[in-house]
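Asker: Just so it is clear, I am handing over model15.tsv, which has TSV, C-alpha atoms.
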chain	number	residue	atom	x	y	z
A	28	MET	CA	-27.86	16.94	-4.56
A	29	GLN	CA	-29.53	17.49	-1.21
A	30	LEU	CA	-26.43	17.63	0.97
A	31	ARG	CA	-26.71	20.24	3.67
A	32	SER	CA	-23.11	21.44	4.00
A	33	ILE	CA	-20.21	20.21	1.90
A	34	PHE	CA	-16.55	20.30	2.94
A	35	SER	CA	-13.91	18.58	0.82
A	36	LEU	CA	-10.83	16.95	2.25
A	37	ALA	CA	-7.98	19.45	2.56
A	38	LEU	CA	-5.35	16.72	2.78
A	39	PRO	CA	-2.73	15.13	0.55
A	40	VAL	CA	-4.36	12.66	-1.86
A	41	LEU	CA	-1.94	10.80	-4.05
A	42	LEU	CA	-2.11	8.45	-6.98
A	43	ALA	CA	-0.63	5.05	-6.20
A	44	ALA	CA	3.00	4.91	-7.29
A	45	CYS	CA	5.03	2.01	-8.59
A	46	GLY	CA	8.59	1.14	-7.62
A	47	ASP	CA	10.45	2.19	-4.49
A	48	PRO	CA	8.73	4.29	-1.79
A	49	GLN	CA	9.10	8.02	-2.22
A	50	VAL	CA	11.61	9.67	0.12
A	51	GLY	CA	12.60	13.25	0.81
A	52	SER	CA	10.89	16.35	2.17
A	53	ASP	CA	7.82	15.90	-0.06
A	54	TYR	CA	7.10	12.38	1.16
A	55	PRO	CA	3.82	12.55	3.16
A	56	GLY	CA	4.48	9.40	5.21
A	57	GLU	CA	2.39	6.30	5.60
A	58	SER	CA	-1.25	6.62	4.57
A	59	LEU	CA	-4.01	6.33	7.16
A	60	LEU	CA	-6.37	4.98	4.50
A	61	THR	CA	-5.96	3.99	0.85
A	62	VAL	CA	-9.00	3.17	-1.27
A	63	THR	CA	-9.28	2.14	-4.89
A	64	GLY	CA	-12.16	2.23	-7.32
A	65	THR	CA	-13.38	2.89	-10.83
A	66	ILE	CA	-15.25	5.76	-12.46
A	67	VAL	CA	-17.94	4.45	-14.80
A	68	ASN	CA	-19.42	6.72	-17.46
A	69	GLU	CA	-23.18	6.54	-18.08
A	70	LEU	CA	-23.47	10.05	-19.51
A	71	GLY	CA	-23.65	8.86	-23.10
A	72	GLU	CA	-20.34	10.44	-24.09
A	73	ALA	CA	-16.96	10.91	-22.47
A	74	PRO	CA	-16.54	14.27	-20.72
A	75	ALA	CA	-14.05	16.68	-22.22
A	76	GLY	CA	-10.74	16.70	-20.43
A	77	SER	CA	-9.72	14.67	-17.40
A	78	VAL	CA	-11.93	13.62	-14.50
A	79	ASP	CA	-10.83	13.54	-10.86
A	80	ALA	CA	-11.98	11.45	-7.92
A	81	VAL	CA	-12.57	13.79	-4.97
A	82	LEU	CA	-13.31	12.98	-1.33
A	83	VAL	CA	-15.90	15.42	0.04
A	84	TRP	CA	-16.78	15.68	3.73
A	85	ASN	CA	-20.45	16.27	4.56
A	86	THR	CA	-21.04	18.18	7.79
A	87	GLU	CA	-24.14	19.42	9.58
A	88	LYS	CA	-23.49	22.74	11.24
A	89	ASN	CA	-26.23	25.21	12.03
A	90	GLY	CA	-25.71	28.62	10.51
A	91	SER	CA	-22.41	27.89	8.77
A	92	ASP	CA	-21.62	28.45	5.12
A	93	SER	CA	-20.60	25.54	2.94
A	94	GLU	CA	-17.11	25.47	1.49
A	95	ASN	CA	-15.31	23.26	-1.03
A	96	LEU	CA	-11.60	22.59	-0.55
A	97	PRO	CA	-11.04	19.69	-2.95
A	98	VAL	CA	-8.02	17.46	-3.22
A	99	ARG	CA	-8.02	15.10	-6.17
A	100	ALA	CA	-6.76	11.95	-7.82
A	101	THR	CA	-6.92	12.11	-11.60
A	102	ALA	CA	-8.57	9.18	-13.38
A	103	VAL	CA	-6.99	8.74	-16.79
A	104	GLY	CA	-7.57	6.57	-19.85
A	105	SER	CA	-10.76	5.23	-21.32
A	106	PHE	CA	-13.73	4.70	-19.02
A	107	PRO	CA	-14.19	2.93	-16.75
A	108	ALA	CA	-11.05	4.54	-15.30
A	109	SER	CA	-9.35	3.50	-12.10
A	110	PHE	CA	-8.30	5.74	-9.23
A	111	THR	CA	-6.51	5.43	-5.90
A	112	LEU	CA	-6.97	7.85	-3.00
A	113	SER	CA	-4.36	7.78	-0.23
A	114	ILE	CA	-5.19	9.80	2.88
A	115	HIS	CA	-2.30	10.82	5.13
A	116	GLU	CA	-3.94	12.99	7.77
A	117	PRO	CA	-7.22	13.31	9.69
A	118	PRO	CA	-9.94	15.53	8.19
A	119	PRO	CA	-9.67	19.29	8.71
A	120	GLU	CA	-11.58	20.80	11.62
A	121	SER	CA	-14.26	22.01	9.21
A	122	GLY	CA	-14.88	18.44	8.05
A	123	LEU	CA	-15.79	17.04	11.49
A	124	ASN	CA	-19.31	16.80	12.91
A	125	ASP	CA	-19.42	17.92	16.55
A	126	PHE	CA	-22.75	17.32	18.27
A	127	SER	CA	-21.53	17.83	21.84
A	128	GLU	CA	-23.29	21.21	21.95
A	129	PHE	CA	-26.60	19.38	21.59
A	130	GLY	CA	-25.93	17.18	24.63
A	131	LEU	CA	-24.61	14.24	22.62
A	132	GLU	CA	-21.24	12.54	23.04
A	133	ALA	CA	-18.03	14.49	22.54
A	134	THR	CA	-16.69	12.19	19.81
A	135	ARG	CA	-16.25	14.10	16.55
A	136	VAL	CA	-16.87	12.23	13.31
A	137	GLY	CA	-16.24	12.98	9.64
A	138	ILE	CA	-18.51	11.45	6.98
A	139	GLY	CA	-17.38	11.83	3.38
A	140	ILE	CA	-18.47	10.83	-0.11
A	141	ILE	CA	-16.36	10.25	-3.23
A	142	VAL	CA	-17.43	12.20	-6.31
A	143	ALA	CA	-16.19	12.45	-9.89
A	144	ALA	CA	-15.46	16.04	-10.88
A	145	ARG	CA	-14.21	17.82	-13.99
A	146	SER	CA	-10.68	19.19	-13.93
A	147	ASP	CA	-11.45	22.75	-14.96
A	148	ASP	CA	-11.78	26.27	-13.61
A	149	TYR	CA	-15.04	25.34	-11.88
A	150	ALA	CA	-13.63	22.24	-10.19
A	151	ASP	CA	-14.04	23.70	-6.69
A	152	SER	CA	-17.83	23.87	-6.99
A	153	GLU	CA	-20.61	21.30	-7.06
A	154	ALA	CA	-21.26	22.40	-10.65
A	155	SER	CA	-18.19	20.37	-11.66
A	156	TRP	CA	-19.51	17.14	-10.17
A	157	LEU	CA	-20.36	14.44	-12.71
A	158	GLY	CA	-21.00	11.43	-10.49
A	159	VAL	CA	-20.73	9.82	-7.07
A	160	ASP	CA	-20.19	6.52	-5.30
A	161	GLU	CA	-23.81	5.94	-4.30
A	162	ARG	CA	-23.23	3.00	-1.96
A	163	HIS	CA	-20.21	3.93	0.17
A	164	VAL	CA	-19.14	6.64	2.56
A	165	ILE	CA	-15.78	7.23	4.23
A	166	VAL	CA	-15.96	7.71	8.00
A	167	TYR	CA	-13.30	9.15	10.30
A	168	VAL	CA	-13.67	8.76	14.08
A	169	GLU	CA	-11.55	11.15	16.15
A	170	SER	CA	-11.73	9.45	19.59
A	171	GLU	CA	-13.29	6.55	21.48
A	172	MET	CA	-16.98	6.18	20.66
A	173	GLU	CA	-19.64	5.60	23.30
A	174	GLU	CA	-21.13	2.11	23.27
A	175	ASP	CA	-24.74	3.34	23.22
A	176	GLY	CA	-24.29	6.81	21.78
A	177	ALA	CA	-25.82	8.37	18.70
A	178	TRP	CA	-22.80	7.61	16.51
A	179	ALA	CA	-22.74	3.94	17.52
A	180	ASN	CA	-26.46	3.75	16.78
A	181	LEU	CA	-25.89	5.26	13.35
A	182	PHE	CA	-23.11	2.83	12.48
A	183	GLY	CA	-24.59	-0.34	14.00
A	184	GLY	CA	-22.07	-0.32	16.87
A	185	PRO	CA	-19.07	1.68	18.06
A	186	LEU	CA	-16.22	2.22	15.60
A	187	ALA	CA	-12.58	2.43	16.62
A	188	PRO	CA	-10.77	5.75	16.17
A	189	GLY	CA	-9.45	6.22	12.65
A	190	TYR	CA	-10.73	5.73	9.10
A	191	HIS	CA	-13.42	3.29	7.95
A	192	VAL	CA	-14.97	2.40	4.59
A	193	MET	CA	-18.71	1.97	5.10
A	194	ASP	CA	-21.59	0.60	3.04
A	195	ALA	CA	-24.43	3.12	2.64
A	196	ILE	CA	-27.89	1.65	2.10
A	197	PRO	CA	-30.74	4.12	1.52
A	198	ARG	CA	-33.93	3.91	3.55
A	199	ILE	CA	-36.84	3.51	1.17
A	200	PRO	CA	-40.31	3.75	2.75
A	201	GLY	CA	-41.77	0.29	3.16
A	202	SER	CA	-38.45	-1.49	2.59
A	203	ALA	CA	-36.84	-4.02	4.93
A	204	VAL	CA	-34.06	-1.56	5.75
A	205	ASP	CA	-36.57	1.15	6.64
A	206	ALA	CA	-38.52	-1.26	8.85
A	207	GLU	CA	-35.32	-2.39	10.58
A	208	MET	CA	-34.19	1.15	11.35
A	209	GLN	CA	-37.64	2.25	12.50
A	210	ALA	CA	-37.92	-0.74	14.84
A	211	ALA	CA	-34.48	0.03	16.29
A	212	PHE	CA	-35.46	3.67	16.86
A	213	ASP	CA	-38.75	2.72	18.50
A	214	ALA	CA	-37.06	0.22	20.83
A	215	CYS	CA	-34.32	2.71	21.74
A	216	ASP	CA	-36.80	5.50	22.39
A	217	ALA	CA	-39.04	3.28	24.51
A	218	ALA	CA	-36.11	2.24	26.70
A	219	ALA	CA	-34.65	5.75	27.07
A	220	THR	CA	-35.01	7.29	30.52
A	221	THR	CA	-32.93	10.47	30.14
A	222	GLU	CA	-32.83	13.30	27.63
A	223	ALA	CA	-29.36	12.22	26.50
A	224	GLU	CA	-30.62	8.68	25.83
A	225	HIS	CA	-33.55	10.02	23.82
A	226	LEU	CA	-31.20	12.18	21.76
A	227	ALA	CA	-28.90	9.21	21.12
A	228	CYS	CA	-31.82	7.32	19.54
A	229	GLY	CA	-31.61	9.82	16.70
A	230	GLY	CA	-28.73	7.75	15.37
A	231	TYR	CA	-31.31	5.25	14.14
A	232	ASP	CA	-33.34	7.94	12.40
A	233	ALA	CA	-30.90	8.80	9.60
A	234	LYS	CA	-31.70	8.52	5.89
A	235	LEU	CA	-29.06	5.82	5.37
A	236	LYS	CA	-28.18	2.53	6.99
A	237	ILE	CA	-24.40	2.85	7.37
A	238	ARG	CA	-22.42	-0.29	8.23
A	239	PRO	CA	-18.74	-1.32	7.92
A	240	ALA	CA	-17.94	-2.63	4.45
A	241	ALA	CA	-17.29	-6.38	4.52
A	242	ASP	CA	-13.94	-5.91	2.75
A	243	GLY	CA	-12.99	-2.85	4.78
A	244	ALA	CA	-10.42	-0.65	3.06
A	245	ASN	CA	-10.23	-3.26	0.26
A	246	ALA	CA	-13.84	-2.63	-0.77
A	247	ALA	CA	-14.18	-1.98	-4.50
A	248	LEU	CA	-15.64	1.52	-4.95
A	249	THR	CA	-17.63	2.52	-8.02
A	250	VAL	CA	-18.20	6.18	-8.87
A	251	ARG	CA	-21.03	6.37	-11.39
A	252	MET	CA	-21.20	9.34	-13.75
A	253	ALA	CA	-24.78	9.94	-14.89
A	254	PRO	CA	-27.30	12.79	-15.22
A	255	GLU	CA	-27.75	14.41	-11.80
A	256	GLU	CA	-31.42	13.44	-11.59
A	257	ASP	CA	-30.42	9.77	-11.93
A	258	LEU	CA	-27.85	9.82	-9.12
A	259	GLU	CA	-28.43	9.07	-5.44
A	260	PHE	CA	-26.03	11.21	-3.44
A	261	PRO	CA	-25.58	9.59	0.00
A	262	ASP	CA	-27.39	11.81	2.53
A	263	TRP	CA	-26.96	10.49	6.07
A	264	HIS	CA	-28.87	13.17	7.98
In C-alpha cells, write the structure found in this file.

Answerer:
Amino acid sequence: MQLRSIFSLALPVLLAACGDPQVGSDYPGESLLTVTGTIVNELGEAPAGSVDAVLVWNTEKNGSDSENLPVRATAVGSFPASFTLSIHEPPPESGLNDFSEFGLEATRVGIGIIVAARSDDYADSEASWLGVDERHVIVYVESEMEEDGAWANLFGGPLAPGYHVMDAIPRIPGSAVDAEMQAAFDACDAAATTEAEHLACGGYDAKLKIRPAADGANAALTVRMAPEEDLEFPDWH
C-alpha cells in the first residue's frame, strides 16, 4: 500500500440520522465536516459480513511506529453501498504532520484517506482493508497557513484552518500533471534565496497533485474495493 505511517481518526464518526437532531449527553455537537460516498465492489463477490468506511490519517514522522485507531461508518445493503462520515473534532495529535523541526512553517496539517475495511477481529489492521477512495484525500489545517510555504505549495495555495475535501491526482512520469508540478518546483527553486525558501519548494515535489474539490464537502466520494494490486492508494509524500 506504500503509505509510510498510518494513523486512523480517533474521533466520533456517525451515520447520518433521520428525524429530529439528537440531544442529550451522547450528542457530539455540530459536525466540522460531513462527507458522503459509495463503496463499489469490484472483487468479484461480496465480502462476508459488513464493510465499514474508515478515515485514516497518513503522517510522516521519522522513527515513529505506525498505529491504527479506526473509527467507522458501516455501509449496509447491496453494493454499491452508501456511507456518511461526520467528523466532530480535529484529528488527534498523532494524526498531524508537524514539519517545524525541519525549518518549515509551524502550521500542522492532517492528510487522510478513506478506506473500506472488514468489520471483524482484524479490523484495526491494514489486513482488513478492501478498498480506498483513490482520487480524494481529507485535509485538516490547524492554523493559518503561510502564503508561500510548503503546505500552500502542496495544495496550490493556502487553505483556511479547518477541514477540506481535496482532489488527489497522481503524478505519472511524462504526464501533463507531472510536467506542471516539475515546472512549478523548478521555478520555485530558482527563485529561492534562503534555505527556508528552498525547503518550501518541496511542496511541489509530492507524488500527488492535491487541489480543493470543486464541490467541496459535497464532493461525491467513491471507495473502490478491488484486489490490492489494482488499487492506487493516495501517497502524497

Asker: Residues of segment 206-249 of chain A that have any atom at most 8 Å from an atom of segment 128-145 of chain A: could you tabulate them with the shortest-distance atom pair and the distance in Å to one decimal, using all atoms listed in the file, ordered by chain and increasing number, as CSV?

Answerer:
residue,atom,partner,partner_atom,distance
A:Ala223,CA,A:Gly130,CA,6.3
A:Leu226,CA,A:Leu131,CA,7.0
A:Ala227,CA,A:Leu131,CA,6.8

Asker: Any chance you could export the current selection's C-alpha atoms as an mmCIF file, in the frame of the given file?

Answerer:
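Result file selection-v1.cif:
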data_model
loop_
_atom_site.group_PDB
_atom_site.id
_atom_site.type_symbol
_atom_site.label_atom_id
_atom_site.label_comp_id
_atom_site.auth_asym_id
_atom_site.auth_seq_id
_atom_site.Cartn_x
_atom_site.Cartn_y
_atom_site.Cartn_z
ATOM 1 C CA ALA A 223 -29.360 12.220 26.500
ATOM 2 C CA LEU A 226 -31.200 12.180 21.760
ATOM 3 C CA ALA A 227 -28.900 9.210 21.120
#

Asker: Give me, as a PDB file with C-alpha atoms, keeping the file's coordinate frame, all polymer residues having an atom no more than 10 Å from segment 192-209 of chain A, counting all atoms listed in the file and skipping those fewer than 3 positions away in the same chain.

Answerer:
ATOM      1  CA  LEU A  60      -6.370   4.980   4.500  1.00  0.00           C
ATOM      2  CA  THR A  61      -5.960   3.990   0.850  1.00  0.00           C
ATOM      3  CA  VAL A  62      -9.000   3.170  -1.270  1.00  0.00           C
ATOM      4  CA  ILE A 138     -18.510  11.450   6.980  1.00  0.00           C
ATOM      5  CA  GLY A 139     -17.380  11.830   3.380  1.00  0.00           C
ATOM      6  CA  ASP A 160     -20.190   6.520  -5.300  1.00  0.00           C
ATOM      7  CA  GLU A 161     -23.810   5.940  -4.300  1.00  0.00           C
ATOM      8  CA  ARG A 162     -23.230   3.000  -1.960  1.00  0.00           C
ATOM      9  CA  HIS A 163     -20.210   3.930   0.170  1.00  0.00           C
ATOM     10  CA  VAL A 164     -19.140   6.640   2.560  1.00  0.00           C
ATOM     11  CA  ILE A 165     -15.780   7.230   4.230  1.00  0.00           C
ATOM     12  CA  VAL A 166     -15.960   7.710   8.000  1.00  0.00           C
ATOM     13  CA  TYR A 167     -13.300   9.150  10.300  1.00  0.00           C
ATOM     14  CA  ASN A 180     -26.460   3.750  16.780  1.00  0.00           C
ATOM     15  CA  LEU A 181     -25.890   5.260  13.350  1.00  0.00           C
ATOM     16  CA  PHE A 182     -23.110   2.830  12.480  1.00  0.00           C
ATOM     17  CA  PHE A 212     -35.460   3.670  16.860  1.00  0.00           C
ATOM     18  CA  ASP A 213     -38.750   2.720  18.500  1.00  0.00           C
ATOM     19  CA  ALA A 214     -37.060   0.220  20.830  1.00  0.00           C
ATOM     20  CA  CYS A 215     -34.320   2.710  21.740  1.00  0.00           C
ATOM     21  CA  GLY A 230     -28.730   7.750  15.370  1.00  0.00           C
ATOM     22  CA  TYR A 231     -31.310   5.250  14.140  1.00  0.00           C
ATOM     23  CA  ASP A 232     -33.340   7.940  12.400  1.00  0.00           C
ATOM     24  CA  ALA A 233     -30.900   8.800   9.600  1.00  0.00           C
ATOM     25  CA  LYS A 234     -31.700   8.520   5.890  1.00  0.00           C
ATOM     26  CA  LEU A 235     -29.060   5.820   5.370  1.00  0.00           C
ATOM     27  CA  LYS A 236     -28.180   2.530   6.990  1.00  0.00           C
ATOM     28  CA  ILE A 237     -24.400   2.850   7.370  1.00  0.00           C
ATOM     29  CA  ARG A 238     -22.420  -0.290   8.230  1.00  0.00           C
ATOM     30  CA  PRO A 239     -18.740  -1.320   7.920  1.00  0.00           C
ATOM     31  CA  ALA A 240     -17.940  -2.630   4.450  1.00  0.00           C
ATOM     32  CA  ALA A 241     -17.290  -6.380   4.520  1.00  0.00           C
ATOM     33  CA  ASP A 242     -13.940  -5.910   2.750  1.00  0.00           C
ATOM     34  CA  GLY A 243     -12.990  -2.850   4.780  1.00  0.00           C
ATOM     35  CA  ALA A 244     -10.420  -0.650   3.060  1.00  0.00           C
ATOM     36  CA  ASN A 245     -10.230  -3.260   0.260  1.00  0.00           C
ATOM     37  CA  ALA A 246     -13.840  -2.630  -0.770  1.00  0.00           C
ATOM     38  CA  LEU A 248     -15.640   1.520  -4.950  1.00  0.00           C
ATOM     39  CA  GLU A 259     -28.430   9.070  -5.440  1.00  0.00           C
ATOM     40  CA  PHE A 260     -26.030  11.210  -3.440  1.00  0.00           C
ATOM     41  CA  PRO A 261     -25.580   9.590   0.000  1.00  0.00           C
ATOM     42  CA  ASP A 262     -27.390  11.810   2.530  1.00  0.00           C
ATOM     43  CA  TRP A 263     -26.960  10.490   6.070  1.00  0.00           C
TER      44      TRP A 263
END

Asker: A:Met252, A:Val168, A:Ala210, A:Leu186: which is nearest Val78 of chain A, counting only C-alpha atoms?

Answerer: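 Selected residue with least distance to Val78 of chain A: A:Met252.
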
Asker: Select, from A:Val159, A:Leu82, A:Met172, A:Ala154, the residue with the minimum atom-to-atom distance to Gly184 of chain A, counting only C-alpha atoms.

Answerer: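 The answer is A:Met172, which sits nearest to Gly184 of chain A.
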
Asker: Please compute the atom CA of Trp178 of chain A-atom CA of Ser127 of chain A distance, one decimal, in Å.

Answerer: 11.6 Å

Asker: Can you work out the spacing between atom CA of Glu116 of chain A and atom CA of His264 of chain A in Å, to one decimal?

Answerer: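 Pair atom CA of Glu116 of chain A / atom CA of His264 of chain A returns 24.9 Å.
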
Asker: My list of candidates is A:Glu224, A:Asp79, A:Glu120, A:Glu87. Which is closest to Glu173 of chain A when distances are computed with only C-alpha atoms?

Answerer: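 Closest residue, counting only C-alpha atoms: A:Glu224.
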
Asker: Atom CA of Thr111 of chain A and atom CA of Glu69 of chain A, how far apart in Å?

Answerer: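 Atom CA of Thr111 of chain A lies at a distance of 20.7 Å from atom CA of Glu69 of chain A.
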
Asker: If I wrap all listed atoms of segment 206-216 of chain A in a box with edges along x, y and z and add 8 Å on each side, what are its centre and edge lengths in Å to one decimal, as lines of an AutoDock Vina configuration file?

Answerer:
center_x = -36.5
center_y = 1.6
center_z = 15.6
size_x = 20.6
size_y = 23.9
size_z = 29.5

Asker: Please write as a list in words the list of polymer residues whose atoms come within 7 Å of (-12.3, 19.7, -20.6), counting all atoms listed in the file and keeping to the coordinates of the file.

Answerer: Pro74, Ala75, Gly76, Ser77, Ser146 and Asp147 of chain A

Asker: Nearest residue to Val81 of chain A out of A:Asp216, A:Val250, A:Leu258, A:Ala177, using only C-alpha atoms?

Answerer: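 Counting only C-alpha atoms, the residue closest to Val81 of chain A is A:Val250.
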
Asker: For each of A:Trp156, A:Ser113, A:Asn124, A:Pro254, take the minimum atom-to-atom distance to Glu72 of chain A, counting all atoms listed in the file, then give the residue where this is smallest.

Answerer: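 Closest candidate: A:Pro254.
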
Asker: Measuring between only C-alpha atoms, which one of A:Gly189, A:Gly183, A:Gly176, A:Gly122 shows the shortest distance to Ala219 of chain A?

Answerer: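 Looking only at the distances to Ala219 of chain A, the closest residue turns out to be A:Gly176.
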
Asker: Starting from the sparse input, extend segment 194-226 of chain A to N, CA and C atoms and give the output as a compact mmCIF listing (two decimals), keeping the file's coordinate frame.

Answerer:
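In the end it all went to part-v9.txt:
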# COMPACT_ATOMS: atom_id res chain seq x y z
N ASP A 194 -20.48 0.75 3.98
CA ASP A 194 -21.59 0.60 3.04
C ASP A 194 -22.69 1.59 3.41
N ALA A 195 -23.34 2.17 2.42
CA ALA A 195 -24.43 3.12 2.64
C ALA A 195 -25.67 2.61 1.90
N ILE A 196 -26.67 2.22 2.67
CA ILE A 196 -27.89 1.65 2.10
C ILE A 196 -29.04 2.61 2.35
N PRO A 197 -29.68 3.13 1.30
CA PRO A 197 -30.74 4.12 1.52
C PRO A 197 -31.98 3.51 2.16
N ARG A 198 -32.65 4.31 2.98
CA ARG A 198 -33.93 3.91 3.55
C ARG A 198 -35.04 4.29 2.57
N ILE A 199 -35.71 3.29 2.07
CA ILE A 199 -36.84 3.51 1.17
C ILE A 199 -38.11 3.14 1.92
N PRO A 200 -39.09 4.05 2.00
CA PRO A 200 -40.31 3.75 2.75
C PRO A 200 -40.90 2.40 2.37
N GLY A 201 -41.18 1.60 3.38
CA GLY A 201 -41.77 0.29 3.16
C GLY A 201 -40.76 -0.82 2.93
N SER A 202 -39.47 -0.48 2.84
CA SER A 202 -38.45 -1.49 2.59
C SER A 202 -38.03 -2.17 3.89
N ALA A 203 -37.31 -3.29 3.76
CA ALA A 203 -36.84 -4.02 4.93
C ALA A 203 -35.86 -3.18 5.74
N VAL A 204 -35.01 -2.41 5.05
CA VAL A 204 -34.06 -1.56 5.75
C VAL A 204 -34.79 -0.49 6.54
N ASP A 205 -35.80 0.12 5.95
CA ASP A 205 -36.57 1.15 6.64
C ASP A 205 -37.27 0.57 7.86
N ALA A 206 -37.85 -0.62 7.73
CA ALA A 206 -38.52 -1.26 8.85
C ALA A 206 -37.53 -1.59 9.96
N GLU A 207 -36.35 -2.06 9.59
CA GLU A 207 -35.32 -2.39 10.58
C GLU A 207 -34.90 -1.16 11.38
N MET A 208 -34.64 -0.06 10.68
CA MET A 208 -34.19 1.15 11.35
C MET A 208 -35.30 1.76 12.20
N GLN A 209 -36.53 1.72 11.72
CA GLN A 209 -37.64 2.25 12.50
C GLN A 209 -37.86 1.44 13.76
N ALA A 210 -37.76 0.12 13.67
CA ALA A 210 -37.92 -0.74 14.84
C ALA A 210 -36.82 -0.47 15.86
N ALA A 211 -35.60 -0.27 15.39
CA ALA A 211 -34.48 0.03 16.29
C ALA A 211 -34.70 1.37 16.99
N PHE A 212 -35.17 2.37 16.25
CA PHE A 212 -35.46 3.67 16.86
C PHE A 212 -36.56 3.55 17.90
N ASP A 213 -37.63 2.86 17.57
CA ASP A 213 -38.75 2.72 18.50
C ASP A 213 -38.32 2.02 19.78
N ALA A 214 -37.52 0.96 19.65
CA ALA A 214 -37.06 0.22 20.83
C ALA A 214 -36.14 1.08 21.69
N CYS A 215 -35.24 1.83 21.03
CA CYS A 215 -34.32 2.71 21.74
C CYS A 215 -35.08 3.79 22.48
N ASP A 216 -36.03 4.40 21.80
CA ASP A 216 -36.80 5.50 22.39
C ASP A 216 -37.65 5.02 23.56
N ALA A 217 -38.21 3.82 23.43
CA ALA A 217 -39.04 3.28 24.51
C ALA A 217 -38.22 2.97 25.76
N ALA A 218 -36.96 2.60 25.57
CA ALA A 218 -36.11 2.24 26.70
C ALA A 218 -35.40 3.44 27.31
N ALA A 219 -35.38 4.58 26.59
CA ALA A 219 -34.65 5.75 27.07
C ALA A 219 -35.31 6.34 28.30
N THR A 220 -34.49 6.71 29.27
CA THR A 220 -35.01 7.29 30.52
C THR A 220 -34.47 8.69 30.77
N THR A 221 -33.50 9.13 29.99
CA THR A 221 -32.93 10.47 30.14
C THR A 221 -32.98 11.18 28.80
N GLU A 222 -32.83 12.51 28.86
CA GLU A 222 -32.83 13.30 27.63
C GLU A 222 -31.68 12.88 26.72
N ALA A 223 -30.51 12.62 27.30
CA ALA A 223 -29.36 12.22 26.50
C ALA A 223 -29.63 10.90 25.78
N GLU A 224 -30.31 9.96 26.45
CA GLU A 224 -30.62 8.68 25.83
C GLU A 224 -31.63 8.86 24.71
N HIS A 225 -32.59 9.74 24.89
CA HIS A 225 -33.55 10.02 23.82
C HIS A 225 -32.84 10.63 22.61
N LEU A 226 -31.93 11.56 22.85
CA LEU A 226 -31.20 12.18 21.76
C LEU A 226 -30.34 11.16 21.02
